[in-house]
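Asker: My file is input_37.pdb. It has PDB, C-alpha atoms, pLDDT in the B column:
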MODEL        1
ATOM      1  CA  MET A   1       1.428 -18.549   5.065  1.00 96.00           C
ATOM      2  CA  ALA A   2       3.148 -15.267   5.789  1.00 98.00           C
ATOM      3  CA  ARG A   3       1.682 -12.123   7.281  1.00 98.00           C
ATOM      4  CA  ALA A   4       2.202  -8.925   5.306  1.00 98.00           C
ATOM      5  CA  LEU A   5       1.397  -5.357   6.258  1.00 97.00           C
ATOM      6  CA  LEU A   6       0.404  -3.014   3.434  1.00 98.00           C
ATOM      7  CA  ALA A   7      -0.073   0.768   3.407  1.00 96.00           C
ATOM      8  CA  LEU A   8      -2.638   2.341   1.098  1.00 97.00           C
ATOM      9  CA  GLY A   9      -3.143   5.952   0.092  1.00 95.00           C
ATOM     10  CA  SER A  10      -5.224   7.975  -2.352  1.00 96.00           C
ATOM     11  CA  ASN A  11      -5.783  11.667  -3.057  1.00 93.00           C
ATOM     12  CA  LEU A  12      -7.442  11.715  -6.491  1.00 93.00           C
ATOM     13  CA  GLY A  13     -10.986  10.945  -7.528  1.00 94.00           C
ATOM     14  CA  ARG A  14     -12.922   9.480  -4.619  1.00 96.00           C
ATOM     15  CA  PRO A  15     -10.195   8.438  -2.172  1.00 97.00           C
ATOM     16  CA  ALA A  16     -12.471   6.494   0.208  1.00 98.00           C
ATOM     17  CA  GLU A  17     -13.909   4.483  -2.685  1.00 98.00           C
ATOM     18  CA  ASN A  18     -10.413   3.959  -4.106  1.00 98.00           C
ATOM     19  CA  LEU A  19      -9.225   2.521  -0.785  1.00 98.00           C
ATOM     20  CA  ASP A  20     -12.308   0.309  -0.454  1.00 98.00           C
ATOM     21  CA  ARG A  21     -11.801  -1.054  -3.971  1.00 98.00           C
ATOM     22  CA  ALA A  22      -8.109  -1.675  -3.372  1.00 98.00           C
ATOM     23  CA  VAL A  23      -8.803  -3.580  -0.146  1.00 98.00           C
ATOM     24  CA  GLN A  24     -11.429  -5.683  -1.894  1.00 98.00           C
ATOM     25  CA  GLU A  25      -9.061  -6.433  -4.793  1.00 98.00           C
ATOM     26  CA  ILE A  26      -6.233  -7.330  -2.399  1.00 98.00           C
ATOM     27  CA  SER A  27      -8.531  -9.870  -0.738  1.00 96.00           C
ATOM     28  CA  PHE A  28      -8.880 -11.507  -4.179  1.00 96.00           C
ATOM     29  CA  PHE A  29      -5.124 -11.966  -4.683  1.00 98.00           C
ATOM     30  CA  GLN A  30      -4.207 -15.635  -5.062  1.00 97.00           C
ATOM     31  CA  LYS A  31      -3.471 -17.402  -1.773  1.00 98.00           C
ATOM     32  CA  THR A  32      -4.185 -14.162   0.138  1.00 98.00           C
ATOM     33  CA  PHE A  33      -6.659 -13.498   2.943  1.00 97.00           C
ATOM     34  CA  LEU A  34      -7.541 -10.216   4.616  1.00 98.00           C
ATOM     35  CA  VAL A  35      -6.873 -10.364   8.370  1.00 98.00           C
ATOM     36  CA  ALA A  36      -7.439  -6.746   9.458  1.00 98.00           C
ATOM     37  CA  ARG A  37      -8.009  -3.260   8.110  1.00 98.00           C
ATOM     38  CA  SER A  38      -7.399   0.063   9.818  1.00 98.00           C
ATOM     39  CA  SER A  39      -9.715   3.022   9.693  1.00 97.00           C
ATOM     40  CA  CYS A  40      -8.977   5.785   7.187  1.00 97.00           C
ATOM     41  CA  HIS A  41      -6.789   8.733   8.154  1.00 96.00           C
ATOM     42  CA  SER A  42      -6.764  12.072   6.336  1.00 94.00           C
ATOM     43  CA  THR A  43      -3.272  13.545   5.999  1.00 87.00           C
ATOM     44  CA  GLU A  44      -1.535  16.370   4.179  1.00 81.00           C
ATOM     45  CA  PRO A  45       0.749  15.306   1.319  1.00 82.00           C
ATOM     46  CA  VAL A  46       4.429  14.848   2.166  1.00 76.00           C
ATOM     47  CA  GLY A  47       6.893  15.832  -0.547  1.00 72.00           C
ATOM     48  CA  GLY A  48       5.957  15.907  -4.199  1.00 66.00           C
ATOM     49  CA  PRO A  49       4.526  18.743  -6.245  1.00 67.00           C
ATOM     50  CA  ALA A  50       2.699  21.575  -4.478  1.00 71.00           C
ATOM     51  CA  GLY A  51      -1.054  21.978  -4.675  1.00 71.00           C
ATOM     52  CA  GLN A  52      -2.070  18.385  -4.062  1.00 81.00           C
ATOM     53  CA  GLY A  53      -5.170  17.535  -2.085  1.00 82.00           C
ATOM     54  CA  ASP A  54      -5.009  15.685   1.222  1.00 88.00           C
ATOM     55  CA  PHE A  55      -4.491  11.943   1.201  1.00 91.00           C
ATOM     56  CA  LEU A  56      -6.688   9.307   2.728  1.00 96.00           C
ATOM     57  CA  ASN A  57      -4.491   6.545   4.177  1.00 96.00           C
ATOM     58  CA  ALA A  58      -5.155   3.091   5.615  1.00 97.00           C
ATOM     59  CA  SER A  59      -3.347  -0.168   6.334  1.00 97.00           C
ATOM     60  CA  VAL A  60      -4.262  -3.786   5.835  1.00 98.00           C
ATOM     61  CA  LEU A  61      -2.829  -6.975   7.250  1.00 98.00           C
ATOM     62  CA  VAL A  62      -3.020 -10.051   5.052  1.00 98.00           C
ATOM     63  CA  GLU A  63      -2.010 -13.669   5.269  1.00 98.00           C
ATOM     64  CA  THR A  64      -0.518 -14.759   1.985  1.00 98.00           C
ATOM     65  CA  GLY A  65       1.094 -17.705   0.306  1.00 98.00           C
ATOM     66  CA  LEU A  66       2.653 -15.352  -2.233  1.00 98.00           C
ATOM     67  CA  GLN A  67       6.373 -14.749  -1.943  1.00 97.00           C
ATOM     68  CA  PRO A  68       7.411 -11.094  -1.496  1.00 97.00           C
ATOM     69  CA  PRO A  69       8.251 -10.471  -5.186  1.00 96.00           C
ATOM     70  CA  GLU A  70       4.954 -12.092  -6.225  1.00 97.00           C
ATOM     71  CA  LEU A  71       3.000  -9.986  -3.738  1.00 98.00           C
ATOM     72  CA  SER A  72       4.810  -6.845  -4.904  1.00 96.00           C
ATOM     73  CA  GLU A  73       3.971  -7.679  -8.530  1.00 97.00           C
ATOM     74  CA  ALA A  74       0.297  -8.258  -7.633  1.00 98.00           C
ATOM     75  CA  ILE A  75       0.263  -4.870  -5.873  1.00 97.00           C
ATOM     76  CA  HIS A  76       1.786  -3.074  -8.879  1.00 95.00           C
ATOM     77  CA  ASN A  77      -0.664  -4.792 -11.233  1.00 96.00           C
ATOM     78  CA  LEU A  78      -3.578  -3.680  -9.051  1.00 97.00           C
ATOM     79  CA  GLU A  79      -2.307  -0.100  -8.990  1.00 94.00           C
ATOM     80  CA  SER A  80      -2.108  -0.138 -12.806  1.00 93.00           C
ATOM     81  CA  ARG A  81      -5.600  -1.627 -13.173  1.00 95.00           C
ATOM     82  CA  MET A  82      -6.952   1.113 -10.920  1.00 95.00           C
ATOM     83  CA  GLY A  83      -5.363   3.823 -13.092  1.00 90.00           C
ATOM     84  CA  ARG A  84      -2.159   4.637 -11.241  1.00 78.00           C
ATOM     85  CA  GLU A  85       0.258   6.541 -13.431  1.00 73.00           C
ATOM     86  CA  ARG A  86       3.876   6.910 -12.360  1.00 69.00           C
ATOM     87  CA  ARG A  87       4.972  10.230 -13.833  1.00 69.00           C
ATOM     88  CA  VAL A  88       6.340  12.370 -11.024  1.00 56.00           C
ATOM     89  CA  ARG A  89       7.616  10.981  -7.746  1.00 58.00           C
ATOM     90  CA  TRP A  90       5.196  11.580  -4.864  1.00 54.00           C
ATOM     91  CA  ASP A  91       2.643  13.160  -7.195  1.00 59.00           C
ATOM     92  CA  ALA A  92      -1.116  12.971  -6.582  1.00 68.00           C
ATOM     93  CA  ARG A  93      -2.460   9.491  -7.305  1.00 82.00           C
ATOM     94  CA  LEU A  94      -5.601   7.400  -7.419  1.00 90.00           C
ATOM     95  CA  ILE A  95      -3.967   4.640  -5.409  1.00 95.00           C
ATOM     96  CA  ASP A  96      -0.629   3.950  -3.802  1.00 93.00           C
ATOM     97  CA  ILE A  97       0.042   0.610  -2.119  1.00 96.00           C
ATOM     98  CA  ASP A  98       3.301  -0.187  -0.345  1.00 94.00           C
ATOM     99  CA  LEU A  99       4.476  -3.486   1.082  1.00 97.00           C
ATOM    100  CA  LEU A 100       5.709  -2.465   4.528  1.00 95.00           C
ATOM    101  CA  LEU A 101       6.428  -5.748   6.272  1.00 95.00           C
ATOM    102  CA  TYR A 102       6.531  -9.407   5.270  1.00 97.00           C
ATOM    103  CA  ASP A 103       6.647 -11.586   8.366  1.00 96.00           C
ATOM    104  CA  GLN A 104       9.918 -10.624  10.031  1.00 94.00           C
ATOM    105  CA  GLN A 105      11.924 -10.887   6.845  1.00 94.00           C
ATOM    106  CA  THR A 106      14.462  -8.384   5.603  1.00 94.00           C
ATOM    107  CA  ILE A 107      14.459  -8.219   1.818  1.00 93.00           C
ATOM    108  CA  ALA A 108      16.827  -6.191  -0.328  1.00 93.00           C
ATOM    109  CA  LEU A 109      16.196  -6.601  -4.045  1.00 92.00           C
ATOM    110  CA  ASP A 110      16.545  -4.024  -6.817  1.00 89.00           C
ATOM    111  CA  SER A 111      12.762  -3.792  -7.046  1.00 87.00           C
ATOM    112  CA  LEU A 112      11.756  -4.400  -3.416  1.00 93.00           C
ATOM    113  CA  ILE A 113      13.027  -3.411   0.022  1.00 91.00           C
ATOM    114  CA  VAL A 114      11.289  -4.747   3.138  1.00 93.00           C
ATOM    115  CA  PRO A 115      10.808  -3.402   5.741  1.00 91.00           C
ATOM    116  CA  HIS A 116       9.835  -0.340   3.755  1.00 85.00           C
ATOM    117  CA  PRO A 117      12.794   2.037   4.173  1.00 80.00           C
ATOM    118  CA  ARG A 118      10.764   5.161   5.008  1.00 83.00           C
ATOM    119  CA  MET A 119       7.863   3.713   6.973  1.00 79.00           C
ATOM    120  CA  SER A 120       9.207   4.594  10.409  1.00 80.00           C
ATOM    121  CA  PHE A 121       9.429   8.298   9.477  1.00 75.00           C
ATOM    122  CA  ARG A 122       5.884   8.661   8.182  1.00 83.00           C
ATOM    123  CA  SER A 123       3.014   9.226  10.573  1.00 84.00           C
ATOM    124  CA  PHE A 124       0.563   8.679   7.691  1.00 86.00           C
ATOM    125  CA  VAL A 125       1.884   5.097   7.563  1.00 86.00           C
ATOM    126  CA  LEU A 126       2.429   4.486  11.281  1.00 88.00           C
ATOM    127  CA  GLU A 127      -0.946   5.738  12.537  1.00 93.00           C
ATOM    128  CA  PRO A 128      -3.096   3.374  10.441  1.00 95.00           C
ATOM    129  CA  ALA A 129      -0.603   0.516  10.939  1.00 94.00           C
ATOM    130  CA  SER A 130      -0.694   0.963  14.707  1.00 93.00           C
ATOM    131  CA  GLU A 131      -4.420   0.158  14.697  1.00 95.00           C
ATOM    132  CA  ILE A 132      -3.619  -3.292  13.397  1.00 93.00           C
TER     133      ILE A 132
ENDMDL
END
Can the structure in the file be given as structure tokens, please?
Answerer:
Amino acid sequence: MARALLALGSNLGRPAENLDRAVQEISFFQKTFLVARSSCHSTEPVGGPAGQGDFLNASVLVETGLQPPELSEAIHNLESRMGRERRVRWDARLIDIDLLLYDQQTIALDSLIVPHPRMSFRSFVLEPASEI
């Protein structure tokens, strides 16, 4: 089993409920167990279109038997099931889930880069992650 750190964010609908649902759904992924969850952090949007509401961000640590591409696919499927639409980069969204770390692996695929390339520059990612 590998340990994976995920970042979650939401700024549409009911962000706290969106994060709670996402965490619950992640705990139902095949071969995946929730180890820890951070508290929620309210942050201003970074980048993207103007006029967005603040984000609510959190992190979760899971143990998983899924390989990184499988975990990434499960994450994208969950985002779609929850109503995530990918129209404009960094636009407001119901849910955003990023795979930040997967054990101590470095992964460079067309569809997945781990560690997440921008995580170390984003306080809205680092603050929740530091709780774990």
Asker: Find the residue from A:Ala22, A:Ala50, A:Val62, A:Ala2 that sits nearest to A:Ile97; use only C-alpha atoms when measuring.
Answerer: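 Of A:Ala22, A:Ala50, A:Val62, A:Ala2, the one nearest A:Ile97, counting only C-alpha atoms, is A:Ala22.
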Asker: Could you expand the PyMOL selection byres ((chain A and resi 67-82) around 7) into the explicit residues it covers here, written as a CSV table (one decimal) with C-alpha atoms, in the coordinates of the input?
Answerer:
chain,number,residue,atom,x,y,z
A,65,GLY,CA,1.1,-17.7,0.3
A,66,LEU,CA,2.7,-15.4,-2.2
A,83,GLY,CA,-5.4,3.8,-13.1
A,84,ARG,CA,-2.2,4.6,-11.2
A,95,ILE,CA,-4.0,4.6,-5.4
A,96,ASP,CA,-0.6,4.0,-3.8
A,97,ILE,CA,0.0,0.6,-2.1
A,99,LEU,CA,4.5,-3.5,1.1
Asker: Nearest to A:Leu6 among A:Asp110, A:Glu127, A:Asp98, A:Glu25, with distances taken over all atoms listed in the file: which residue is it?
Answerer: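 Nearest to A:Leu6: A:Asp98.
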Asker: Taking the file as shown, find all residues satisfying the PyMOL selection byres ((chain A and resi 4) around 7) and write them as a PyMOL selection string.
Answerer: chain A and resi 2-3+5-6+61-63+101-103
Asker: So that I can check the surroundings of A:Cys40, please list as a CSV table (one decimal) with C-alpha atoms, keeping the file's coordinate frame every protein, DNA and RNA residue that reaches within 8 Å of it, counting all atoms listed in the file and ignoring chain neighbours fewer than 4 positions away.
Answerer:
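Okay, out.csv is ready:
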chain,number,residue,atom,x,y,z
A,16,ALA,CA,-12.5,6.5,0.2
A,56,LEU,CA,-6.7,9.3,2.7
A,57,ASN,CA,-4.5,6.5,4.2
A,58,ALA,CA,-5.2,3.1,5.6
A,128,PRO,CA,-3.1,3.4,10.4
Asker: Out of A:Leu34, A:Ile132, A:Leu100, A:Val125, which residue has the shortest atom-to-atom distance to A:Val46 when counting all atoms listed in the file?
Answerer: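 Selected residue with least distance to A:Val46: A:Val125.
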Asker: To one decimal in Å, tell me the separation between atom CA of A:Arg21 and atom CA of A:Arg93.
Answerer: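 A separation of 14.5 Å between them.
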Asker: In Å, with one decimal, what is the gap from atom CA of A:Thr32 to atom CA of A:Asp20?
Answerer: 16.6 Å
Asker: Can you measure atom CA of A:Phe29 to atom CA of A:Leu109 for me? One decimal in Å is fine.
Answerer: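 Atom CA of A:Phe29 sits 22.0 Å away from atom CA of A:Leu109.
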Asker: Between A:Ser10, A:Ser39, A:Ser123, A:Gln105, which residue has the minimum interatomic distance to A:Ser59, considering all atoms listed in the file?
Answerer: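 Ranked by minimum distance to A:Ser59, first place goes to A:Ser39.
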Asker: Using only C-alpha atoms, can you tell me which of A:Ser111, A:Ser130, A:Gln104, A:Thr64 comes closest to A:Phe28?
Answerer: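 Of all the options, A:Thr64 lies closest to A:Phe28.
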Asker: Since the input has fewer atoms than a full residue there, write stretch 53-88 of chain A out with N, CA and C atoms, as a tab-separated table (two decimals), in the frame of the given file.
Answerer:
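This went into result_1.tsv:
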chain	number	residue	atom	x	y	z
A	53	GLY	N	-4.18	17.68	-3.14
A	53	GLY	CA	-5.17	17.54	-2.08
A	53	GLY	C	-4.67	16.58	-1.01
A	54	ASP	N	-5.36	16.59	0.12
A	54	ASP	CA	-5.01	15.68	1.22
A	54	ASP	C	-5.17	14.23	0.79
A	55	PHE	N	-4.41	13.38	1.43
A	55	PHE	CA	-4.49	11.94	1.20
A	55	PHE	C	-5.42	11.31	2.21
A	56	LEU	N	-6.01	10.20	1.82
A	56	LEU	CA	-6.69	9.31	2.73
A	56	LEU	C	-5.81	8.07	2.78
A	57	ASN	N	-5.41	7.66	4.00
A	57	ASN	CA	-4.49	6.54	4.18
A	57	ASN	C	-5.12	5.47	5.05
A	58	ALA	N	-4.71	4.23	4.81
A	58	ALA	CA	-5.16	3.09	5.62
A	58	ALA	C	-4.08	2.01	5.53
A	59	SER	N	-4.23	1.00	6.37
A	59	SER	CA	-3.35	-0.17	6.33
A	59	SER	C	-4.18	-1.43	6.34
A	60	VAL	N	-3.63	-2.48	5.76
A	60	VAL	CA	-4.26	-3.79	5.84
A	60	VAL	C	-3.20	-4.83	6.20
A	61	LEU	N	-3.65	-5.82	6.92
A	61	LEU	CA	-2.83	-6.98	7.25
A	61	LEU	C	-3.42	-8.16	6.51
A	62	VAL	N	-2.57	-8.87	5.79
A	62	VAL	CA	-3.02	-10.05	5.05
A	62	VAL	C	-2.17	-11.25	5.44
A	63	GLU	N	-2.76	-12.42	5.26
A	63	GLU	CA	-2.01	-13.67	5.27
A	63	GLU	C	-1.92	-14.09	3.82
A	64	THR	N	-0.71	-14.46	3.40
A	64	THR	CA	-0.52	-14.76	1.98
A	64	THR	C	0.45	-15.91	1.78
A	65	GLY	N	0.18	-16.67	0.76
A	65	GLY	CA	1.09	-17.70	0.31
A	65	GLY	C	1.99	-17.21	-0.81
A	66	LEU	N	1.79	-15.95	-1.21
A	66	LEU	CA	2.65	-15.35	-2.23
A	66	LEU	C	4.00	-14.99	-1.62
A	67	GLN	N	5.06	-15.19	-2.36
A	67	GLN	CA	6.37	-14.75	-1.94
A	67	GLN	C	6.45	-13.23	-2.12
A	68	PRO	N	7.36	-12.56	-1.41
A	68	PRO	CA	7.41	-11.09	-1.50
A	68	PRO	C	7.45	-10.52	-2.91
A	69	PRO	N	8.28	-11.04	-3.83
A	69	PRO	CA	8.25	-10.47	-5.19
A	69	PRO	C	6.91	-10.69	-5.89
A	70	GLU	N	6.26	-11.83	-5.63
A	70	GLU	CA	4.95	-12.09	-6.22
A	70	GLU	C	3.90	-11.14	-5.66
A	71	LEU	N	3.94	-10.91	-4.36
A	71	LEU	CA	3.00	-9.99	-3.74
A	71	LEU	C	3.23	-8.57	-4.26
A	72	SER	N	4.48	-8.17	-4.37
A	72	SER	CA	4.81	-6.84	-4.90
A	72	SER	C	4.30	-6.70	-6.34
A	73	GLU	N	4.46	-7.72	-7.15
A	73	GLU	CA	3.97	-7.68	-8.53
A	73	GLU	C	2.44	-7.58	-8.56
A	74	ALA	N	1.76	-8.32	-7.69
A	74	ALA	CA	0.30	-8.26	-7.63
A	74	ALA	C	-0.15	-6.86	-7.24
A	75	ILE	N	0.57	-6.24	-6.31
A	75	ILE	CA	0.26	-4.87	-5.87
A	75	ILE	C	0.43	-3.89	-7.04
A	76	HIS	N	1.54	-3.99	-7.75
A	76	HIS	CA	1.79	-3.07	-8.88
A	76	HIS	C	0.76	-3.27	-9.99
A	77	ASN	N	0.37	-4.53	-10.23
A	77	ASN	CA	-0.66	-4.79	-11.23
A	77	ASN	C	-2.00	-4.17	-10.82
A	78	LEU	N	-2.34	-4.28	-9.55
A	78	LEU	CA	-3.58	-3.68	-9.05
A	78	LEU	C	-3.54	-2.16	-9.21
A	79	GLU	N	-2.43	-1.55	-8.83
A	79	GLU	CA	-2.31	-0.10	-8.99
A	79	GLU	C	-2.53	0.30	-10.45
A	80	SER	N	-1.94	-0.44	-11.37
A	80	SER	CA	-2.11	-0.14	-12.81
A	80	SER	C	-3.56	-0.31	-13.24
A	81	ARG	N	-4.20	-1.40	-12.81
A	81	ARG	CA	-5.60	-1.63	-13.17
A	81	ARG	C	-6.51	-0.52	-12.65
A	82	MET	N	-6.14	0.04	-11.51
A	82	MET	CA	-6.95	1.11	-10.92
A	82	MET	C	-6.63	2.49	-11.52
A	83	GLY	N	-5.66	2.57	-12.42
A	83	GLY	CA	-5.36	3.82	-13.09
A	83	GLY	C	-4.18	4.59	-12.58
A	84	ARG	N	-3.36	3.96	-11.76
A	84	ARG	CA	-2.16	4.64	-11.24
A	84	ARG	C	-1.20	4.92	-12.38
A	85	GLU	N	-0.76	6.14	-12.47
A	85	GLU	CA	0.26	6.54	-13.43
A	85	GLU	C	1.47	7.02	-12.67
A	86	ARG	N	2.63	6.53	-13.03
A	86	ARG	CA	3.88	6.91	-12.36
A	86	ARG	C	4.63	7.89	-13.24
A	87	ARG	N	4.33	9.19	-13.03
A	87	ARG	CA	4.97	10.23	-13.83
A	87	ARG	C	5.97	11.01	-13.00
A	88	VAL	N	5.51	11.54	-11.88
A	88	VAL	CA	6.34	12.37	-11.02
A	88	VAL	C	6.33	11.74	-9.64
